[in-house]
Amino acid sequence: MHALLTQDHIDAFQTDGVVLIKGLFADHVETLRAGIDRNMAEPGPYAAENLKVGEAGRFFDDYCNWTRIPEFEEVIRTSAAAEIAADLMGSSRVQVFHDHILVKEPGTSKPTPWHQDGPYYFVDGTQNVSFWSPVDPVTEASLRCVAGSHKWDKPVLPTRWLSEENFYPDEDAYMPVPDPDAEGMEIREWEMEPGDAVAFNFAILHGARGNEAKARRRAFSLRMIGDDARYVERPGRTSPPFPGHDMVAGQVLREDWFPVIFER
């Protein structure tokens with residue numbers, strides 16, 4: 001087990017689906033800031049502005065850039081994230097799925113909508129983990145996760161953040177997006193220092209408050225998969241789509257695109 005972890009971390013991740021890892025990227029904060037700056041200056045094909053006309057602030061996100069942004073690749077390959085992912089998942093090996101940055105400039109009141117990541121992805125399995133790490137101190141604009149939601153019987157309907165349209169046509173396979181505050185669900189959120197990380201399962205319902213502070217809120221996310229991850233067909237175009245992947249249902253994700261970066 002990595003020195004940053006205790007058995008309590010692993011138990012919490014398995015039971016609640018979410019846990020805080022203090023200082024996971026503490027030695028890599030400046031590198032991540034430089035990578036985010038580069039990403040915002042040179043957006044990739046999936047970059048998005050998530051505010052409607054007239055909404056204040058700026059909410060930028062982009063993903064799948066680690067192979068072209070050297071700062072992200074350095075952190076992915078040299079940080080403790082892959083080993084800690086293996087510990088949390090109980091997996092003998094770890095593949096990179098993708099990276100994601102989310103930037104809320106000061107005065108951005110729009111919250112990140114409640115959602116589960118898993119329904120957007122073309123990967124199935126229980127051994128997975130997403131790390132969400134701010135590179136700025138976070139108080140009110142922290143990530144919010146519903147404990148235990150990875151064990152719900154039905155996945156939550158994925159929607160498009162800006163248009164609020166359903167992502168897939170088959171609504172019956174999904175439950176409506178709940179309102180965890182109104183429904184009294186157990187929400188986990190933490191004040192975080194740069195380099196701290198929330199680790200959560202792809203099936204955890206999560207969102208984030210708007211950024212009403214006078215400082216930026218920049219966050220780096222890293223998604224990783226373990227032994228039981230397999231390609232699965234979805235009823236529409238997934239996000240990320242990874243066009244031309246040529247995988248078939250039940251296949252381990254191709255290692256030339258999703259490399260193994262840790263193995264016991």
# chains A, B, ... in the order shown; residues from 1 in each chain; ligands from 1

$ residues_around --residues "segment 196-204 of chain A" --least-positions-apart "2" --cutoff "7 Å" --atoms "only C-alpha atoms" --output "NGL selection string"
:A and (17-26 or 116-118 or 128-134 or 145-146 or 149-150 or 192-194 or 206)

$ write_last_selection --atoms "N, CA, C and O atoms" --output "compact mmCIF listing (two decimals), in the first residue's frame"
# COMPACT_ATOMS: atom_id res chain seq x y z
N GLY A 17 -17.62 4.78 -2.16
CA GLY A 17 -17.32 5.12 -3.54
C GLY A 17 -16.55 6.41 -3.71
O GLY A 17 -16.27 6.82 -4.84
N VAL A 18 -16.17 7.06 -2.58
CA VAL A 18 -15.48 8.34 -2.67
C VAL A 18 -14.66 8.55 -1.40
O VAL A 18 -15.08 8.19 -0.30
N VAL A 19 -13.45 9.14 -1.57
CA VAL A 19 -12.59 9.40 -0.42
C VAL A 19 -11.64 10.53 -0.78
O VAL A 19 -11.30 10.73 -1.96
N LEU A 20 -11.21 11.29 0.22
CA LEU A 20 -10.25 12.38 0.02
C LEU A 20 -8.84 11.85 0.24
O LEU A 20 -8.56 11.22 1.25
N ILE A 21 -7.94 12.13 -0.70
CA ILE A 21 -6.52 11.78 -0.57
C ILE A 21 -5.75 13.09 -0.46
O ILE A 21 -5.59 13.81 -1.45
N LYS A 22 -5.29 13.40 0.73
CA LYS A 22 -4.56 14.66 0.94
C LYS A 22 -3.19 14.58 0.26
O LYS A 22 -2.46 13.61 0.42
N GLY A 23 -2.87 15.62 -0.50
CA GLY A 23 -1.52 15.76 -1.04
C GLY A 23 -1.14 14.82 -2.17
O GLY A 23 0.05 14.67 -2.47
N LEU A 24 -2.10 14.19 -2.83
CA LEU A 24 -1.76 13.22 -3.88
C LEU A 24 -0.88 13.85 -4.96
O LEU A 24 0.10 13.25 -5.40
N PHE A 25 -1.25 15.06 -5.40
CA PHE A 25 -0.48 15.73 -6.45
C PHE A 25 0.29 16.94 -5.92
O PHE A 25 0.63 17.85 -6.68
N ALA A 26 0.58 16.94 -4.62
CA ALA A 26 1.21 18.12 -3.99
C ALA A 26 2.54 18.48 -4.64
O ALA A 26 2.88 19.67 -4.73
N GLN A 116 -23.37 11.22 -13.20
CA GLN A 116 -22.41 10.13 -13.06
C GLN A 116 -21.57 10.10 -14.33
O GLN A 116 -22.08 10.31 -15.42
N ASP A 117 -20.28 9.83 -14.19
CA ASP A 117 -19.43 9.76 -15.38
C ASP A 117 -19.66 8.48 -16.18
O ASP A 117 -19.62 8.49 -17.42
N GLY A 118 -19.89 7.38 -15.48
CA GLY A 118 -19.96 6.07 -16.13
C GLY A 118 -20.88 5.98 -17.33
O GLY A 118 -20.50 5.42 -18.37
N ASN A 128 -12.52 1.02 -11.20
CA ASN A 128 -12.22 2.27 -11.87
C ASN A 128 -12.10 3.36 -10.83
O ASN A 128 -12.61 3.22 -9.71
N VAL A 129 -11.45 4.45 -11.17
CA VAL A 129 -11.32 5.57 -10.23
C VAL A 129 -11.06 6.85 -11.02
O VAL A 129 -10.34 6.84 -12.02
N SER A 130 -11.69 7.91 -10.56
CA SER A 130 -11.44 9.24 -11.09
C SER A 130 -10.84 10.08 -9.97
O SER A 130 -11.38 10.10 -8.86
N PHE A 131 -9.73 10.75 -10.24
CA PHE A 131 -9.14 11.70 -9.29
C PHE A 131 -9.49 13.12 -9.74
O PHE A 131 -9.27 13.47 -10.91
N TRP A 132 -10.00 13.92 -8.83
CA TRP A 132 -10.32 15.34 -9.08
C TRP A 132 -9.45 16.16 -8.15
O TRP A 132 -9.57 16.04 -6.94
N SER A 133 -8.57 16.96 -8.73
CA SER A 133 -7.59 17.67 -7.91
C SER A 133 -7.54 19.15 -8.29
O SER A 133 -7.23 19.49 -9.44
N PRO A 134 -7.82 20.06 -7.33
CA PRO A 134 -7.70 21.48 -7.63
C PRO A 134 -6.24 21.93 -7.57
O PRO A 134 -5.44 21.38 -6.80
N CYS A 145 -19.97 14.89 -3.84
CA CYS A 145 -20.23 13.50 -4.24
C CYS A 145 -21.27 12.88 -3.32
O CYS A 145 -21.21 13.07 -2.10
N VAL A 146 -22.19 12.12 -3.89
CA VAL A 146 -23.21 11.43 -3.10
C VAL A 146 -22.68 10.06 -2.70
O VAL A 146 -22.48 9.18 -3.56
N SER A 149 -23.68 6.20 -4.04
CA SER A 149 -24.48 6.23 -5.27
C SER A 149 -23.94 5.30 -6.35
O SER A 149 -24.63 5.00 -7.32
N HIS A 150 -22.70 4.80 -6.17
CA HIS A 150 -22.15 3.83 -7.13
C HIS A 150 -22.82 2.47 -7.00
O HIS A 150 -22.61 1.59 -7.85
N MET A 192 -10.26 22.04 0.15
CA MET A 192 -9.09 21.36 -0.38
C MET A 192 -7.97 22.34 -0.68
O MET A 192 -8.21 23.47 -1.09
N GLU A 193 -6.74 21.86 -0.48
CA GLU A 193 -5.55 22.62 -0.84
C GLU A 193 -5.06 22.14 -2.21
O GLU A 193 -5.36 21.01 -2.62
N PRO A 194 -4.31 22.97 -2.92
CA PRO A 194 -3.77 22.52 -4.20
C PRO A 194 -3.02 21.20 -4.07
O PRO A 194 -2.20 21.03 -3.17
N HIS A 206 -22.09 13.10 -8.81
CA HIS A 206 -21.30 14.22 -8.32
C HIS A 206 -21.61 15.48 -9.12
O HIS A 206 -22.17 15.44 -10.21

$ closest_residue --among "A:Arg68, A:Arg77, A:His9, A:Arg230" --to "Ala249 of chain A" --atoms "only C-alpha atoms"
A:Arg230

$ closest_residue --among "A:Glu189, A:Val248, A:Trp257, A:Leu157" --to "Pro176 of chain A" --atoms "only C-alpha atoms"
A:Leu157

$ closest_residue --among "A:Ile261, A:Ala229, A:Val29, A:Ala213" --to "Glu140 of chain A" --atoms "only C-alpha atoms"
A:Ala213

$ closest_atom_pairs --of "segment 146-258 of chain A" --to "segment 35-46 of chain A" --cutoff "10 Å" --atoms "only C-alpha atoms" --output "CSV"
residue,atom,partner,partner_atom,distance
A:Arg218,CA,A:Ile36,CA,7.9
A:Ala219,CA,A:Ile36,CA,8.6
A:Phe220,CA,A:Ile36,CA,7.9
A:Ser239,CA,A:Tyr46,CA,9.3
A:Pro240,CA,A:Tyr46,CA,8.2
A:Pro241,CA,A:Tyr46,CA,9.6

$ write_last_selection --atoms "all heavy atoms" --output "mmCIF file, in the first residue's frame"
data_model
loop_
_atom_site.group_PDB
_atom_site.id
_atom_site.type_symbol
_atom_site.label_atom_id
_atom_site.label_comp_id
_atom_site.auth_asym_id
_atom_site.auth_seq_id
_atom_site.Cartn_x
_atom_site.Cartn_y
_atom_site.Cartn_z
ATOM 1 N N ARG A 218 -9.270 26.059 -10.751
ATOM 2 C CA ARG A 218 -8.789 25.176 -11.807
ATOM 3 C C ARG A 218 -8.649 23.770 -11.221
ATOM 4 O O ARG A 218 -8.065 23.594 -10.157
ATOM 5 C CB ARG A 218 -7.441 25.655 -12.330
ATOM 6 C CG ARG A 218 -7.474 27.013 -13.013
ATOM 7 C CD ARG A 218 -6.084 27.593 -13.203
ATOM 8 N NE ARG A 218 -5.482 27.972 -11.919
ATOM 9 C CZ ARG A 218 -4.240 28.442 -11.779
ATOM 10 N NH1 ARG A 218 -3.450 28.560 -12.832
ATOM 11 N NH2 ARG A 218 -3.780 28.765 -10.595
ATOM 12 N N ALA A 219 -9.164 22.791 -11.942
ATOM 13 C CA ALA A 219 -9.090 21.412 -11.451
ATOM 14 C C ALA A 219 -8.627 20.487 -12.574
ATOM 15 O O ALA A 219 -9.010 20.649 -13.736
ATOM 16 C CB ALA A 219 -10.440 20.951 -10.916
ATOM 17 N N PHE A 220 -7.809 19.521 -12.178
ATOM 18 C CA PHE A 220 -7.321 18.475 -13.081
ATOM 19 C C PHE A 220 -7.947 17.162 -12.655
ATOM 20 O O PHE A 220 -7.911 16.798 -11.482
ATOM 21 C CB PHE A 220 -5.800 18.384 -12.990
ATOM 22 C CG PHE A 220 -5.188 17.245 -13.772
ATOM 23 C CD1 PHE A 220 -5.077 17.322 -15.153
ATOM 24 C CD2 PHE A 220 -4.726 16.108 -13.128
ATOM 25 C CE1 PHE A 220 -4.495 16.279 -15.880
ATOM 26 C CE2 PHE A 220 -4.151 15.062 -13.844
ATOM 27 C CZ PHE A 220 -4.044 15.159 -15.224
ATOM 28 N N SER A 239 -18.988 9.934 -24.623
ATOM 29 C CA SER A 239 -18.129 11.077 -24.313
ATOM 30 C C SER A 239 -17.125 10.637 -23.258
ATOM 31 O O SER A 239 -17.522 10.299 -22.146
ATOM 32 C CB SER A 239 -18.963 12.252 -23.791
ATOM 33 O OG SER A 239 -18.130 13.326 -23.387
ATOM 34 N N PRO A 240 -15.834 10.600 -23.598
ATOM 35 C CA PRO A 240 -15.227 10.908 -24.890
ATOM 36 C C PRO A 240 -15.588 9.850 -25.943
ATOM 37 O O PRO A 240 -15.812 8.694 -25.610
ATOM 38 C CB PRO A 240 -13.728 10.871 -24.585
ATOM 39 C CG PRO A 240 -13.590 10.932 -23.105
ATOM 40 C CD PRO A 240 -14.813 10.289 -22.568
ATOM 41 N N PRO A 241 -15.575 10.247 -27.225
ATOM 42 C CA PRO A 241 -15.974 9.288 -28.257
ATOM 43 C C PRO A 241 -14.853 8.379 -28.750
ATOM 44 O O PRO A 241 -15.127 7.260 -29.178
ATOM 45 C CB PRO A 241 -16.448 10.210 -29.391
ATOM 46 C CG PRO A 241 -15.671 11.477 -29.206
ATOM 47 C CD PRO A 241 -15.463 11.629 -27.722
#

$ select_by_dssp --residues "segment 25-226 of chain A" --states "helix (DSSP H, G or I)" --output "JSON, numbers by chain"
{"A": [26, 27, 28, 29, 30, 31, 32, 33, 34, 35, 36, 37, 38, 39, 40, 41, 70, 71, 72, 73, 74, 75, 76, 77, 78, 81, 82, 83, 84, 85, 86, 87, 88, 89, 118, 119, 120, 149, 150, 151, 171, 172, 173]}

$ decode --residues "segment 60-75 of chain A" --atoms "all heavy atoms" --output "PDB file, in the first residue's frame"
ATOM      1  N   PHE A  60     -14.819  26.614 -18.465  1.00  0.00           N
ATOM      2  CA  PHE A  60     -14.135  25.931 -19.564  1.00  0.00           C
ATOM      3  C   PHE A  60     -13.807  24.501 -19.159  1.00  0.00           C
ATOM      4  O   PHE A  60     -13.379  24.251 -18.031  1.00  0.00           O
ATOM      5  CB  PHE A  60     -12.843  26.683 -19.892  1.00  0.00           C
ATOM      6  CG  PHE A  60     -11.947  26.000 -20.902  1.00  0.00           C
ATOM      7  CD1 PHE A  60     -12.096  26.237 -22.257  1.00  0.00           C
ATOM      8  CD2 PHE A  60     -10.931  25.124 -20.493  1.00  0.00           C
ATOM      9  CE1 PHE A  60     -11.266  25.616 -23.193  1.00  0.00           C
ATOM     10  CE2 PHE A  60     -10.103  24.504 -21.419  1.00  0.00           C
ATOM     11  CZ  PHE A  60     -10.266  24.752 -22.775  1.00  0.00           C
ATOM     12  N   ASP A  61     -14.010  23.557 -20.080  1.00  0.00           N
ATOM     13  CA  ASP A  61     -13.487  22.217 -19.829  1.00  0.00           C
ATOM     14  C   ASP A  61     -12.985  21.607 -21.131  1.00  0.00           C
ATOM     15  O   ASP A  61     -13.367  22.010 -22.227  1.00  0.00           O
ATOM     16  CB  ASP A  61     -14.523  21.317 -19.135  1.00  0.00           C
ATOM     17  CG  ASP A  61     -15.529  20.694 -20.087  1.00  0.00           C
ATOM     18  OD1 ASP A  61     -16.295  21.451 -20.733  1.00  0.00           O
ATOM     19  OD2 ASP A  61     -15.571  19.465 -20.197  1.00  0.00           O
ATOM     20  N   ASP A  62     -12.079  20.648 -20.978  1.00  0.00           N
ATOM     21  CA  ASP A  62     -11.480  19.968 -22.123  1.00  0.00           C
ATOM     22  C   ASP A  62     -10.949  18.626 -21.632  1.00  0.00           C
ATOM     23  O   ASP A  62     -10.601  18.481 -20.455  1.00  0.00           O
ATOM     24  CB  ASP A  62     -10.349  20.808 -22.726  1.00  0.00           C
ATOM     25  CG  ASP A  62      -9.974  20.387 -24.151  1.00  0.00           C
ATOM     26  OD1 ASP A  62     -10.621  19.467 -24.687  1.00  0.00           O
ATOM     27  OD2 ASP A  62      -9.044  20.994 -24.710  1.00  0.00           O
ATOM     28  N   TYR A  63     -10.911  17.644 -22.520  1.00  0.00           N
ATOM     29  CA  TYR A  63     -10.396  16.332 -22.110  1.00  0.00           C
ATOM     30  C   TYR A  63      -9.641  15.636 -23.232  1.00  0.00           C
ATOM     31  O   TYR A  63      -9.645  16.074 -24.373  1.00  0.00           O
ATOM     32  CB  TYR A  63     -11.516  15.446 -21.559  1.00  0.00           C
ATOM     33  CG  TYR A  63     -12.752  15.286 -22.411  1.00  0.00           C
ATOM     34  CD1 TYR A  63     -12.713  14.676 -23.648  1.00  0.00           C
ATOM     35  CD2 TYR A  63     -13.997  15.718 -21.936  1.00  0.00           C
ATOM     36  CE1 TYR A  63     -13.853  14.497 -24.410  1.00  0.00           C
ATOM     37  CE2 TYR A  63     -15.153  15.552 -22.684  1.00  0.00           C
ATOM     38  CZ  TYR A  63     -15.082  14.941 -23.919  1.00  0.00           C
ATOM     39  OH  TYR A  63     -16.216  14.772 -24.669  1.00  0.00           O
ATOM     40  N   CYS A  64      -8.971  14.541 -22.847  1.00  0.00           N
ATOM     41  CA  CYS A  64      -8.199  13.701 -23.773  1.00  0.00           C
ATOM     42  C   CYS A  64      -7.039  14.468 -24.401  1.00  0.00           C
ATOM     43  O   CYS A  64      -6.851  14.453 -25.623  1.00  0.00           O
ATOM     44  CB  CYS A  64      -9.108  13.115 -24.857  1.00  0.00           C
ATOM     45  SG  CYS A  64     -10.407  12.052 -24.221  1.00  0.00           S
ATOM     46  N   ASN A  65      -6.245  15.123 -23.573  1.00  0.00           N
ATOM     47  CA  ASN A  65      -5.126  15.913 -24.074  1.00  0.00           C
ATOM     48  C   ASN A  65      -3.765  15.449 -23.555  1.00  0.00           C
ATOM     49  O   ASN A  65      -2.746  16.038 -23.903  1.00  0.00           O
ATOM     50  CB  ASN A  65      -5.329  17.388 -23.710  1.00  0.00           C
ATOM     51  CG  ASN A  65      -6.489  18.005 -24.460  1.00  0.00           C
ATOM     52  OD1 ASN A  65      -6.466  18.118 -25.673  1.00  0.00           O
ATOM     53  ND2 ASN A  65      -7.526  18.396 -23.722  1.00  0.00           N
ATOM     54  N   TRP A  66      -3.730  14.407 -22.741  1.00  0.00           N
ATOM     55  CA  TRP A  66      -2.477  14.084 -22.054  1.00  0.00           C
ATOM     56  C   TRP A  66      -1.363  13.639 -22.999  1.00  0.00           C
ATOM     57  O   TRP A  66      -0.184  13.835 -22.709  1.00  0.00           O
ATOM     58  CB  TRP A  66      -2.703  13.045 -20.952  1.00  0.00           C
ATOM     59  CG  TRP A  66      -2.972  11.640 -21.401  1.00  0.00           C
ATOM     60  CD1 TRP A  66      -4.172  11.095 -21.735  1.00  0.00           C
ATOM     61  CD2 TRP A  66      -2.018  10.585 -21.518  1.00  0.00           C
ATOM     62  NE1 TRP A  66      -4.029   9.781 -22.059  1.00  0.00           N
ATOM     63  CE2 TRP A  66      -2.713   9.429 -21.930  1.00  0.00           C
ATOM     64  CE3 TRP A  66      -0.636  10.496 -21.308  1.00  0.00           C
ATOM     65  CZ2 TRP A  66      -2.084   8.204 -22.149  1.00  0.00           C
ATOM     66  CZ3 TRP A  66      -0.013   9.272 -21.521  1.00  0.00           C
ATOM     67  CH2 TRP A  66      -0.733   8.148 -21.937  1.00  0.00           C
ATOM     68  N   THR A  67      -1.733  13.099 -24.163  1.00  0.00           N
ATOM     69  CA  THR A  67      -0.690  12.664 -25.087  1.00  0.00           C
ATOM     70  C   THR A  67      -0.086  13.819 -25.887  1.00  0.00           C
ATOM     71  O   THR A  67       0.950  13.649 -26.539  1.00  0.00           O
ATOM     72  CB  THR A  67      -1.231  11.608 -26.070  1.00  0.00           C
ATOM     73  OG1 THR A  67      -2.358  12.151 -26.769  1.00  0.00           O
ATOM     74  CG2 THR A  67      -1.645  10.357 -25.329  1.00  0.00           C
ATOM     75  N   ARG A  68      -0.701  14.999 -25.818  1.00  0.00           N
ATOM     76  CA  ARG A  68      -0.152  16.153 -26.545  1.00  0.00           C
ATOM     77  C   ARG A  68       0.293  17.278 -25.607  1.00  0.00           C
ATOM     78  O   ARG A  68       0.901  18.246 -26.064  1.00  0.00           O
ATOM     79  CB  ARG A  68      -1.176  16.694 -27.554  1.00  0.00           C
ATOM     80  CG  ARG A  68      -2.359  17.420 -26.946  1.00  0.00           C
ATOM     81  CD  ARG A  68      -3.310  17.979 -28.004  1.00  0.00           C
ATOM     82  NE  ARG A  68      -4.358  18.787 -27.377  1.00  0.00           N
ATOM     83  CZ  ARG A  68      -4.272  20.088 -27.159  1.00  0.00           C
ATOM     84  NH1 ARG A  68      -3.180  20.756 -27.519  1.00  0.00           N
ATOM     85  NH2 ARG A  68      -5.270  20.736 -26.588  1.00  0.00           N
ATOM     86  N   ILE A  69      -0.017  17.152 -24.317  1.00  0.00           N
ATOM     87  CA  ILE A  69       0.399  18.167 -23.350  1.00  0.00           C
ATOM     88  C   ILE A  69       1.406  17.510 -22.410  1.00  0.00           C
ATOM     89  O   ILE A  69       1.037  16.708 -21.546  1.00  0.00           O
ATOM     90  CB  ILE A  69      -0.809  18.750 -22.606  1.00  0.00           C
ATOM     91  CG1 ILE A  69      -1.676  19.508 -23.601  1.00  0.00           C
ATOM     92  CG2 ILE A  69      -0.372  19.651 -21.456  1.00  0.00           C
ATOM     93  CD1 ILE A  69      -2.834  20.266 -23.035  1.00  0.00           C
ATOM     94  N   PRO A  70       2.691  17.818 -22.577  1.00  0.00           N
ATOM     95  CA  PRO A  70       3.730  17.074 -21.848  1.00  0.00           C
ATOM     96  C   PRO A  70       3.614  17.192 -20.332  1.00  0.00           C
ATOM     97  O   PRO A  70       3.982  16.258 -19.627  1.00  0.00           O
ATOM     98  CB  PRO A  70       5.038  17.681 -22.368  1.00  0.00           C
ATOM     99  CG  PRO A  70       4.664  18.977 -23.011  1.00  0.00           C
ATOM    100  CD  PRO A  70       3.274  18.821 -23.509  1.00  0.00           C
ATOM    101  N   GLU A  71       3.099  18.310 -19.848  1.00  0.00           N
ATOM    102  CA  GLU A  71       2.954  18.453 -18.391  1.00  0.00           C
ATOM    103  C   GLU A  71       1.986  17.410 -17.832  1.00  0.00           C
ATOM    104  O   GLU A  71       2.223  16.837 -16.757  1.00  0.00           O
ATOM    105  CB  GLU A  71       2.469  19.862 -18.039  1.00  0.00           C
ATOM    106  CG  GLU A  71       3.475  20.957 -18.323  1.00  0.00           C
ATOM    107  CD  GLU A  71       3.379  21.524 -19.728  1.00  0.00           C
ATOM    108  OE1 GLU A  71       2.659  20.942 -20.573  1.00  0.00           O
ATOM    109  OE2 GLU A  71       4.006  22.575 -19.988  1.00  0.00           O
ATOM    110  N   PHE A  72       0.893  17.170 -18.534  1.00  0.00           N
ATOM    111  CA  PHE A  72      -0.064  16.171 -18.066  1.00  0.00           C
ATOM    112  C   PHE A  72       0.545  14.769 -18.109  1.00  0.00           C
ATOM    113  O   PHE A  72       0.378  13.978 -17.176  1.00  0.00           O
ATOM    114  CB  PHE A  72      -1.339  16.213 -18.915  1.00  0.00           C
ATOM    115  CG  PHE A  72      -2.159  17.467 -18.760  1.00  0.00           C
ATOM    116  CD1 PHE A  72      -3.151  17.774 -19.677  1.00  0.00           C
ATOM    117  CD2 PHE A  72      -1.956  18.341 -17.707  1.00  0.00           C
ATOM    118  CE1 PHE A  72      -3.922  18.921 -19.550  1.00  0.00           C
ATOM    119  CE2 PHE A  72      -2.712  19.498 -17.567  1.00  0.00           C
ATOM    120  CZ  PHE A  72      -3.703  19.789 -18.499  1.00  0.00           C
ATOM    121  N   GLU A  73       1.239  14.463 -19.197  1.00  0.00           N
ATOM    122  CA  GLU A  73       1.852  13.135 -19.294  1.00  0.00           C
ATOM    123  C   GLU A  73       2.886  12.923 -18.191  1.00  0.00           C
ATOM    124  O   GLU A  73       2.961  11.835 -17.607  1.00  0.00           O
ATOM    125  CB  GLU A  73       2.494  12.921 -20.669  1.00  0.00           C
ATOM    126  CG  GLU A  73       3.115  11.541 -20.786  1.00  0.00           C
ATOM    127  CD  GLU A  73       3.429  11.123 -22.203  1.00  0.00           C
ATOM    128  OE1 GLU A  73       3.384  11.977 -23.112  1.00  0.00           O
ATOM    129  OE2 GLU A  73       3.727   9.925 -22.406  1.00  0.00           O
ATOM    130  N   GLU A  74       3.659  13.955 -17.894  1.00  0.00           N
ATOM    131  CA  GLU A  74       4.650  13.837 -16.817  1.00  0.00           C
ATOM    132  C   GLU A  74       3.987  13.493 -15.492  1.00  0.00           C
ATOM    133  O   GLU A  74       4.441  12.603 -14.758  1.00  0.00           O
ATOM    134  CB  GLU A  74       5.432  15.150 -16.690  1.00  0.00           C
ATOM    135  CG  GLU A  74       6.434  15.150 -15.539  1.00  0.00           C
ATOM    136  CD  GLU A  74       7.102  16.498 -15.339  1.00  0.00           C
ATOM    137  OE1 GLU A  74       7.219  17.272 -16.311  1.00  0.00           O
ATOM    138  OE2 GLU A  74       7.505  16.777 -14.195  1.00  0.00           O
ATOM    139  N   VAL A  75       2.902  14.186 -15.169  1.00  0.00           N
ATOM    140  CA  VAL A  75       2.212  13.936 -13.896  1.00  0.00           C
ATOM    141  C   VAL A  75       1.594  12.541 -13.884  1.00  0.00           C
ATOM    142  O   VAL A  75       1.684  11.810 -12.893  1.00  0.00           O
ATOM    143  CB  VAL A  75       1.146  15.016 -13.653  1.00  0.00           C
ATOM    144  CG1 VAL A  75       0.284  14.659 -12.444  1.00  0.00           C
ATOM    145  CG2 VAL A  75       1.806  16.374 -13.446  1.00  0.00           C
TER     146      VAL A  75
END
